[in-house]
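Visitor: Quick one, final_32.txt (compact mmCIF, C-alpha atoms and all ligand atoms):
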# COMPACT_ATOMS: atom_id res chain seq x y z
CA MET A 1 0.00 0.00 0.00
CA MET A 2 1.40 3.38 -0.96
CA VAL A 3 1.04 6.32 1.44
CA GLN A 4 -0.33 9.45 -0.25
CA TYR A 5 1.69 12.65 0.11
CA ASP A 6 0.90 16.08 -1.26
CA PHE A 7 3.91 17.65 -2.98
CA SER A 8 1.93 20.14 -5.04
CA GLY A 9 3.73 23.47 -5.33
CA ARG A 10 7.02 21.78 -4.41
CA ARG A 11 10.02 21.56 -6.69
CA VAL A 12 12.42 18.63 -6.44
CA LEU A 13 15.78 17.95 -8.12
CA ILE A 14 16.63 14.29 -8.74
CA THR A 15 19.97 13.10 -10.16
CA GLY A 16 20.19 9.59 -11.57
CA ALA A 17 16.52 10.09 -12.42
CA ALA A 18 16.66 7.67 -15.36
CA GLY A 19 17.91 4.82 -13.15
CA GLY A 20 15.79 2.29 -11.31
CA ILE A 21 15.38 4.08 -7.97
CA GLY A 22 15.58 7.64 -9.32
CA TRP A 23 12.85 6.79 -11.84
CA ASP A 24 10.49 5.56 -9.13
CA CYS A 25 11.24 8.62 -6.97
CA ALA A 26 10.30 10.76 -9.98
CA ARG A 27 7.16 8.73 -10.70
CA LEU A 28 5.87 8.86 -7.10
CA LEU A 29 6.77 12.52 -6.58
CA ALA A 30 5.12 13.54 -9.85
CA ALA A 31 2.01 11.57 -8.91
CA ALA A 32 1.98 13.50 -5.61
CA GLY A 33 2.05 16.80 -7.50
CA ALA A 34 5.74 17.80 -7.41
CA GLU A 35 7.43 19.68 -10.20
CA LEU A 36 10.71 17.98 -11.05
CA VAL A 37 14.16 18.79 -12.35
CA LEU A 38 15.49 15.48 -13.67
CA VAL A 39 19.20 14.91 -14.30
CA ASP A 40 20.89 11.87 -15.83
CA ARG A 41 23.59 11.08 -18.37
CA ASP A 42 21.24 8.57 -20.07
CA GLU A 43 19.44 10.96 -22.40
CA LYS A 44 17.21 8.34 -24.02
CA ARG A 45 15.77 7.03 -20.77
CA LEU A 46 15.49 10.54 -19.38
CA HIS A 47 13.22 11.44 -22.30
CA GLU A 48 11.23 8.23 -21.86
CA LEU A 49 10.70 9.26 -18.24
CA LEU A 50 9.59 12.75 -19.22
CA GLU A 51 7.13 11.26 -21.75
CA LYS A 52 5.70 9.02 -19.02
CA LEU A 53 5.38 11.89 -16.53
CA GLY A 54 3.88 14.24 -19.10
CA THR A 55 5.80 16.86 -21.06
CA ASP A 56 3.23 19.53 -20.15
CA ARG A 57 3.68 19.28 -16.37
CA GLY A 58 6.54 21.75 -15.98
CA HIS A 59 9.17 19.07 -15.37
CA GLN A 60 12.61 19.88 -16.77
CA THR A 61 15.51 17.66 -17.74
CA VAL A 62 19.27 17.97 -17.94
CA ALA A 63 20.99 15.21 -19.92
CA GLY A 64 24.66 15.07 -19.05
CA ASP A 65 27.45 13.61 -16.98
CA LEU A 66 27.43 15.11 -13.48
CA VAL A 67 31.21 14.94 -13.37
CA GLU A 68 31.33 17.56 -16.14
CA SER A 69 31.12 21.19 -15.05
CA ALA A 70 28.95 21.94 -18.13
CA THR A 71 26.23 19.64 -16.73
CA LEU A 72 26.40 21.35 -13.38
CA GLN A 73 26.11 24.73 -15.09
CA GLN A 74 22.95 23.59 -16.92
CA VAL A 75 21.48 22.42 -13.61
CA ILE A 76 22.19 25.81 -12.02
CA THR A 77 20.68 27.66 -14.99
CA ILE A 78 17.42 25.75 -14.62
CA VAL A 79 17.31 25.89 -10.83
CA GLU A 80 17.99 29.63 -10.58
CA GLN A 81 15.07 30.38 -12.92
CA GLY A 82 12.53 28.61 -10.76
CA PRO A 83 10.89 29.21 -7.41
CA GLY A 84 13.56 27.42 -5.33
CA LEU A 85 13.94 23.77 -4.46
CA ASP A 86 12.07 21.95 -1.71
CA ALA A 87 14.06 18.73 -2.00
CA LEU A 88 17.31 17.41 -3.45
CA ILE A 89 17.70 13.70 -4.21
CA PRO A 90 21.22 12.98 -5.52
CA ALA A 91 20.63 9.36 -6.59
CA ALA A 92 23.15 9.08 -9.47
CA GLY A 93 25.75 6.45 -8.77
CA ILE A 94 27.94 3.73 -10.26
CA TYR A 95 28.82 0.29 -8.91
CA ARG A 96 31.89 -1.32 -10.48
CA ASP A 97 33.38 -4.74 -9.65
CA GLN A 98 37.05 -3.96 -8.98
CA PRO A 99 39.08 -5.68 -6.23
CA VAL A 100 41.43 -3.38 -4.32
CA ALA A 101 44.56 -5.32 -5.34
CA GLU A 102 43.84 -4.72 -9.03
CA MET A 103 42.12 -1.35 -8.86
CA THR A 104 43.79 1.39 -10.89
CA TRP A 105 43.95 4.95 -9.66
CA ASP A 106 41.63 6.00 -12.49
CA GLN A 107 39.05 3.36 -11.49
CA TRP A 108 39.21 4.50 -7.88
CA ARG A 109 38.89 8.14 -8.86
CA HIS A 110 36.03 7.50 -11.30
CA THR A 111 33.81 5.97 -8.62
CA ILE A 112 34.77 8.67 -6.12
CA SER A 113 34.09 11.41 -8.66
CA VAL A 114 30.58 10.18 -9.56
CA ASN A 115 29.40 8.89 -6.17
CA LEU A 116 30.98 11.46 -3.88
CA ASP A 117 32.44 14.49 -5.70
CA ALA A 118 29.28 14.98 -7.78
CA VAL A 119 27.11 14.79 -4.64
CA PHE A 120 29.25 17.59 -3.18
CA THR A 121 29.26 19.74 -6.33
CA VAL A 122 25.52 19.50 -7.04
CA THR A 123 24.65 20.06 -3.37
CA GLN A 124 26.91 23.08 -3.08
CA ALA A 125 25.60 24.50 -6.36
CA VAL A 126 21.93 24.32 -5.34
CA LEU A 127 22.38 25.26 -1.69
CA PRO A 128 21.52 28.95 -2.28
CA TYR A 129 18.32 27.87 -4.07
CA LEU A 130 17.04 25.50 -1.38
CA ASN A 131 13.92 26.85 0.28
CA ASP A 132 13.78 26.97 4.05
CA HIS A 133 12.60 23.59 5.36
CA ALA A 134 13.89 21.77 2.28
CA SER A 135 14.97 18.15 2.56
CA ILE A 136 18.07 16.44 1.14
CA VAL A 137 18.09 12.65 0.82
CA ASN A 138 21.47 11.10 0.05
CA PHE A 139 22.10 7.55 -1.13
CA ASP A 140 24.16 5.49 1.27
CA SER A 141 24.10 1.68 0.95
CA LEU A 142 24.32 -1.55 2.87
CA ALA A 143 27.89 -1.49 1.53
CA GLY A 144 28.57 1.73 3.41
CA ALA A 145 27.84 0.03 6.74
CA ARG A 146 29.05 -3.51 6.09
CA GLY A 147 31.67 -3.17 3.35
CA SER A 148 31.41 -4.94 0.00
CA ARG A 149 33.92 -7.33 -1.56
CA THR A 150 35.28 -5.93 -4.87
CA HIS A 151 33.48 -2.61 -4.27
CA ALA A 152 35.75 -0.84 -1.76
CA HIS A 153 35.57 2.45 -3.66
CA TYR A 154 31.78 2.22 -3.85
CA ALA A 155 31.45 1.36 -0.14
CA ALA A 156 33.79 4.22 0.80
CA THR A 157 31.73 6.76 -1.15
CA LYS A 158 28.48 5.55 0.37
CA ALA A 159 29.70 5.88 3.96
CA ALA A 160 31.15 9.25 2.96
CA VAL A 161 27.90 10.74 1.62
CA THR A 162 26.26 10.06 4.97
CA ALA A 163 29.13 11.72 6.85
CA PHE A 164 28.98 14.60 4.36
CA GLY A 165 25.22 14.88 4.86
CA ARG A 166 25.47 14.84 8.64
CA SER A 167 28.09 17.59 8.53
CA LEU A 168 25.92 19.61 6.17
CA ALA A 169 22.93 19.11 8.48
CA LEU A 170 24.93 20.92 11.18
CA GLU A 171 25.50 23.86 8.83
CA VAL A 172 21.99 24.27 7.38
CA GLY A 173 19.76 23.31 10.30
CA HIS A 174 19.22 26.99 11.14
CA ARG A 175 17.34 27.26 7.80
CA GLY A 176 15.16 24.31 8.76
CA ILE A 177 16.87 22.19 6.08
CA ARG A 178 17.16 18.49 6.93
CA VAL A 179 19.73 16.07 5.51
CA ASN A 180 19.21 12.32 5.75
CA SER A 181 20.32 9.18 3.92
CA VAL A 182 18.64 6.03 2.75
CA ALA A 183 20.77 2.88 2.72
CA PRO A 184 19.21 0.32 0.38
CA GLY A 185 20.25 -3.33 0.55
CA ILE A 186 19.75 -5.43 -2.57
CA ILE A 187 17.20 -3.69 -4.76
CA ARG A 188 16.34 -5.07 -8.21
CA THR A 189 17.62 -2.49 -10.67
CA SER A 190 20.15 -2.79 -13.46
CA MET A 191 22.81 -1.85 -10.89
CA THR A 192 22.42 -5.18 -9.09
CA ASP A 193 21.96 -7.55 -12.09
CA ARG A 194 25.51 -8.94 -11.88
CA LEU A 195 25.40 -9.22 -8.07
CA VAL A 196 22.11 -11.12 -8.15
CA ASP A 197 23.37 -13.40 -10.95
CA GLY A 198 26.53 -14.19 -8.97
CA SER A 199 25.46 -14.31 -5.32
CA GLY A 200 21.68 -13.97 -5.42
CA GLU A 201 20.80 -17.25 -3.73
CA ALA A 202 23.24 -16.75 -0.86
CA LEU A 203 21.97 -13.20 -0.31
CA LEU A 204 18.35 -14.34 -0.33
CA ALA A 205 19.17 -17.02 2.24
CA GLN A 206 20.55 -14.30 4.55
CA THR A 207 17.52 -12.03 4.11
CA PRO A 208 14.73 -12.69 6.64
CA LEU A 209 12.07 -11.49 4.20
CA GLY A 210 13.45 -13.93 1.61
CA ARG A 211 13.31 -11.55 -1.34
CA PHE A 212 15.04 -8.56 -2.87
CA GLY A 213 13.61 -5.06 -2.60
CA THR A 214 11.95 -3.02 -5.32
CA ALA A 215 12.85 0.48 -6.43
CA GLU A 216 9.42 1.63 -5.30
CA GLU A 217 10.12 0.38 -1.76
CA VAL A 218 13.13 2.72 -1.64
CA ALA A 219 11.33 5.60 -3.35
CA SER A 220 8.50 5.48 -0.81
CA VAL A 221 11.01 6.02 2.02
CA VAL A 222 12.64 8.85 0.06
CA LEU A 223 9.21 10.51 -0.25
CA PHE A 224 8.66 10.10 3.48
CA LEU A 225 12.01 11.82 4.15
CA CYS A 226 11.11 14.65 1.74
CA SER A 227 7.71 15.11 3.32
CA ASP A 228 6.55 16.95 6.43
CA ALA A 229 5.78 13.54 7.96
CA SER A 230 9.51 13.29 8.77
CA SER A 231 9.92 16.92 9.89
CA PHE A 232 12.04 16.08 12.97
CA ILE A 233 14.20 13.36 11.39
CA ASN A 234 17.63 14.82 10.63
CA GLY A 235 21.11 13.38 10.09
CA GLU A 236 19.64 9.88 10.08
CA VAL A 237 20.24 6.82 7.90
CA ILE A 238 17.27 4.60 7.11
CA HIS A 239 18.24 1.08 6.07
CA ILE A 240 15.94 -0.60 3.55
CA ASN A 241 17.12 -4.18 3.19
CA GLY A 242 14.49 -6.68 4.33
CA GLY A 243 16.58 -7.46 7.41
CA LEU A 244 19.72 -8.55 5.52
CA TYR A 245 21.62 -6.13 7.78
CA MET A 246 20.26 -5.04 11.16
CA GLN A 247 22.02 -2.18 12.95
N1 LIG B 301 20.07 -0.95 -6.41
C1 LIG B 301 20.55 -1.19 -5.21
O1 LIG B 301 20.47 -2.32 -4.71
C2 LIG B 301 21.21 -0.10 -4.41
C3 LIG B 301 21.69 -0.42 -3.14
C4 LIG B 301 22.29 0.57 -2.37
C5 LIG B 301 22.41 1.85 -2.86
N2 LIG B 301 21.94 2.13 -4.11
C6 LIG B 301 22.14 3.50 -4.59
O2 LIG B 301 20.92 4.01 -5.09
C7 LIG B 301 21.18 4.95 -6.13
C8 LIG B 301 20.35 4.58 -7.34
O3 LIG B 301 20.75 3.28 -7.77
P1 LIG B 301 19.93 2.42 -8.84
O4 LIG B 301 19.81 1.06 -8.32
O5 LIG B 301 18.74 3.17 -9.26
O6 LIG B 301 21.01 2.37 -10.02
P2 LIG B 301 20.84 2.55 -11.58
O7 LIG B 301 22.11 2.10 -12.19
O8 LIG B 301 19.56 1.93 -12.03
O9 LIG B 301 20.69 4.14 -11.73
C9 LIG B 301 21.78 5.01 -11.58
C10 LIG B 301 21.55 6.17 -12.52
O10 LIG B 301 22.60 7.11 -12.34
C11 LIG B 301 22.99 7.60 -13.61
N3 LIG B 301 24.37 8.05 -13.57
C12 LIG B 301 25.45 7.31 -13.23
N4 LIG B 301 26.56 8.05 -13.33
C13 LIG B 301 26.16 9.30 -13.72
C14 LIG B 301 26.86 10.49 -14.00
N5 LIG B 301 28.19 10.57 -13.91
N6 LIG B 301 26.15 11.57 -14.39
C15 LIG B 301 24.80 11.50 -14.52
N7 LIG B 301 24.10 10.39 -14.28
C16 LIG B 301 24.77 9.30 -13.88
C17 LIG B 301 22.82 6.41 -14.55
O11 LIG B 301 22.70 6.80 -15.92
C18 LIG B 301 21.57 5.75 -14.00
O12 LIG B 301 20.41 6.21 -14.67
C19 LIG B 301 22.69 4.89 -6.37
O13 LIG B 301 23.32 5.97 -5.71
C20 LIG B 301 23.09 3.58 -5.75
O14 LIG B 301 24.43 3.56 -5.34
C21 LIG B 301 21.35 1.20 -4.90
Write out the structure in this file as structure tokens.

Guide:
Amino acid sequence: MMVQYDFSGRRVLITGAAGGIGWDCARLLAAAGAELVLVDRDEKRLHELLEKLGTDRGHQTVAGDLVESATLQQVITIVEQGPGLDALIPAAGIYRDQPVAEMTWDQWRHTISVNLDAVFTVTQAVLPYLNDHASIVNFDSLAGARGSRTHAHYAATKAAVTAFGRSLALEVGHRGIRVNSVAPGIIRTSMTDRLVDGSGEALLAQTPLGRFGTAEEVASVVLFLCSDASSFINGEVIHINGGLYMQ
């Protein structure tokens, strides 16, 4: 059952909007009345998403790589024209299989630049345009808490965005702005196809609910954190993993 929120009159920026979880965040927020700024490097899927949401609803898109300053500039141009942002959801991320012993510097840096640097740059860029009482929801991961074999760079960035978010929460709390993280476990999106193919059965056996999560089950928590229903939750991490990891 999906809880109904009212986001009408609210403007939300989502990065990684064309991906599995970002897409469902966009879908649920649009259904709840939000006006969206959607960013992703996958231009084709971004336009598919816009078609689905309705091209006449005031949603805007930026197709580009968030590591490029030109993409960031396009985001700023759109954001500064509007009424201010009520939520920021930096969901873009990459998940590469690269053991530490074989990882090149460029591989390390690539994951850090997308998963961590781009969270910093987009957050810093839109900070002046966040309305008072806005909400930021960062994407941590089970990997950030538990580590992940062959994904040390990924795990490091995920723990880091939560630490970044908590530090930011200390700086922007006086504006009523909250910063939280969600930490999904194994959610069925294209990001986890290889993981599920390789270790799916073992992971299912360790998950009390005996199944993987859906993108919508993460998006619904993101909406909760963006909504007034979570108005006193700040600096928190919400794990969404069916019990695979219990804090
Ligand atoms: N799926 C899971 O099980 C899971 C678990 C824990 C955390 N997460 C996190 O949730 C977030 C969303 O993951 P998902 O499962 O939807 O993955 P996904 O691969 O389906 O979507 C990620 C999206 O980010 C976009 N993207 C990647 N690099 C980009 C860049 N440099 N510039 C612009 N766009 C870029 C991709 O094009 C893609 O559309 C990620 O931050 C991920 O780390 C996912």

Visitor: Could you list, with a cut-off of 7 Å and counting all atoms listed in the file, the residues of chain A near ligand LIG 301 (chain B), each shown with its nearest atom pair and the distance in Å rounded to one decimal, rows sorted by chain and ascending number, as CSV?

Guide:
residue,atom,partner,partner_atom,distance
A:Thr15,CA,B:LIG301,N7,6.4
A:Gly16,CA,B:LIG301,O10,3.5
A:Ala17,CA,B:LIG301,O12,5.9
A:Ala18,CA,B:LIG301,O12,4.1
A:Gly19,CA,B:LIG301,O9,3.2
A:Gly20,CA,B:LIG301,O5,3.7
A:Ile21,CA,B:LIG301,O5,3.7
A:Gly22,CA,B:LIG301,O5,5.5
A:Val39,CA,B:LIG301,C15,6.6
A:Asp40,CA,B:LIG301,N7,3.9
A:Arg41,CA,B:LIG301,C15,4.1
A:Asp42,CA,B:LIG301,O11,4.7
A:Gly64,CA,B:LIG301,C15,5.8
A:Asp65,CA,B:LIG301,N6,3.5
A:Leu66,CA,B:LIG301,N6,3.9
A:Val67,CA,B:LIG301,N5,5.3
A:Ala91,CA,B:LIG301,O13,4.4
A:Ala92,CA,B:LIG301,O10,3.5
A:Gly93,CA,B:LIG301,O13,3.9
A:Ile94,CA,B:LIG301,C12,5.3
A:Tyr95,CA,B:LIG301,O14,6.5
A:Val114,CA,B:LIG301,N5,5.0
A:Asn115,CA,B:LIG301,O13,6.8
A:Phe139,CA,B:LIG301,O13,5.0
A:Asp140,CA,B:LIG301,C5,5.8
A:Ser141,CA,B:LIG301,C4,3.9
A:Leu142,CA,B:LIG301,C4,6.0
A:Ala183,CA,B:LIG301,C4,5.8
A:Pro184,CA,B:LIG301,C4,4.1
A:Gly185,CA,B:LIG301,C3,4.9
A:Ile186,CA,B:LIG301,O1,3.8
A:Ile187,CA,B:LIG301,O1,3.5
A:Arg188,CA,B:LIG301,N1,5.8
A:Thr189,CA,B:LIG301,O4,4.8
A:Ser190,CA,B:LIG301,O8,5.0
A:Met191,CA,B:LIG301,O7,4.2
A:Thr192,CA,B:LIG301,N1,5.5

Visitor: Mind dumping the selected residues with C-alpha atoms as a short mmCIF file (atom, residue, chain, number, x, y, z; two decimals), in the coordinates of the input?

Guide:
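Written output follows (part_39.cif):
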data_model
loop_
_atom_site.label_atom_id
_atom_site.label_comp_id
_atom_site.auth_asym_id
_atom_site.auth_seq_id
_atom_site.Cartn_x
_atom_site.Cartn_y
_atom_site.Cartn_z
CA THR A 15 19.97 13.10 -10.16
CA GLY A 16 20.19 9.59 -11.57
CA ALA A 17 16.52 10.09 -12.42
CA ALA A 18 16.66 7.67 -15.36
CA GLY A 19 17.91 4.82 -13.15
CA GLY A 20 15.79 2.29 -11.31
CA ILE A 21 15.38 4.08 -7.97
CA GLY A 22 15.58 7.64 -9.32
CA VAL A 39 19.20 14.91 -14.30
CA ASP A 40 20.89 11.87 -15.83
CA ARG A 41 23.59 11.08 -18.37
CA ASP A 42 21.24 8.57 -20.07
CA GLY A 64 24.66 15.07 -19.05
CA ASP A 65 27.45 13.61 -16.98
CA LEU A 66 27.43 15.11 -13.48
CA VAL A 67 31.21 14.94 -13.37
CA ALA A 91 20.63 9.36 -6.59
CA ALA A 92 23.15 9.08 -9.47
CA GLY A 93 25.75 6.45 -8.77
CA ILE A 94 27.94 3.73 -10.26
CA TYR A 95 28.82 0.29 -8.91
CA VAL A 114 30.58 10.18 -9.56
CA ASN A 115 29.40 8.89 -6.17
CA PHE A 139 22.10 7.55 -1.13
CA ASP A 140 24.16 5.49 1.27
CA SER A 141 24.10 1.68 0.95
CA LEU A 142 24.32 -1.55 2.87
CA ALA A 183 20.77 2.88 2.72
CA PRO A 184 19.21 0.32 0.38
CA GLY A 185 20.25 -3.33 0.55
CA ILE A 186 19.75 -5.43 -2.57
CA ILE A 187 17.20 -3.69 -4.76
CA ARG A 188 16.34 -5.07 -8.21
CA THR A 189 17.62 -2.49 -10.67
CA SER A 190 20.15 -2.79 -13.46
CA MET A 191 22.81 -1.85 -10.89
CA THR A 192 22.42 -5.18 -9.09
#

Visitor: Just the number, please: distance in Å from CA of Arg178 in chain A to CA of His110 in chain A, one decimal.

Guide: 28.4 Å

Visitor: Name the closest residue to Met246 in chain A among the candidates A:Ala145, A:Leu85, A:Val12, A:Ile78; distances are taken between atoms, counting all atoms listed in the file.

Guide: A:Ala145

Visitor: Env of range 157-164 of chain A: 12 Å cut, atoms = all atoms listed in the file, seq-sep filter 2 positions within chain, self excluded. Answer as a PyMOL selection string.

Guide: chain A and resi 90-95+108-121+123-124+136-148+151-155+166-171+179-184+234-238

Visitor: Hey, which of A:Ala63, A:Leu53, A:Val218, A:Leu195 ends up closest to Ala32 in chain A? Count all atoms listed in the file.

Guide: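 Among the listed residues, the smallest separation from Ala32 in chain A belongs to A:Leu53.
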
Visitor: One decimal, in Å: what's the spacing between CA of Ile14 in chain A and CA of Val221 in chain A?

Guide: 14.7 Å

Visitor: What separation in Å, quoted to one decimal, exists between CA of Gly173 in chain A and CA of Pro128 in chain A?

Guide: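 Value for the CA of Gly173 in chain A-CA of Pro128 in chain A distance: 13.9 Å.
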
Visitor: Of the candidates A:Leu223, A:Leu130, A:Val122, A:Ile240, which one gets nearest to Phe7 in chain A if we count only C-alpha atoms?

Guide: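 Of all the options, A:Leu223 lies closest to Phe7 in chain A.
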
Visitor: Under the rule that all atoms listed in the file are counted, which of A:Thr77, A:Glu201, A:Gly242, A:Asp86 is the nearest residue to Leu225 in chain A?

Guide: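 Selected residue with least distance to Leu225 in chain A: A:Asp86.
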
Visitor: Please determine, counting only C-alpha atoms, which residue among A:Gln206, A:Gln74, A:Ser199, A:Ser227 has the shortest atom-to-atom distance to Val126 in chain A.

Guide: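 Going through A:Gln206, A:Gln74, A:Ser199, A:Ser227 one by one, the smallest distance to Val126 in chain A is for A:Gln74.
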
Visitor: Please determine an axis-aligned box that encloses all atoms of range 173-185 of chain A listed in the file, with 4 Å added on each side, and express its centre and edge lengths in Å to one decimal as lines of an AutoDock Vina configuration file.

Guide:
center_x = 18.0
center_y = 12.0
center_z = 5.8
size_x = 13.6
size_y = 38.6
size_z = 18.8

Visitor: For Asp132 in chain A, which residue out of A:Val172, A:Glu217, A:Glu80, A:Trp105 is the nearest one, using only C-alpha atoms?

Guide: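 Closest candidate: A:Val172.
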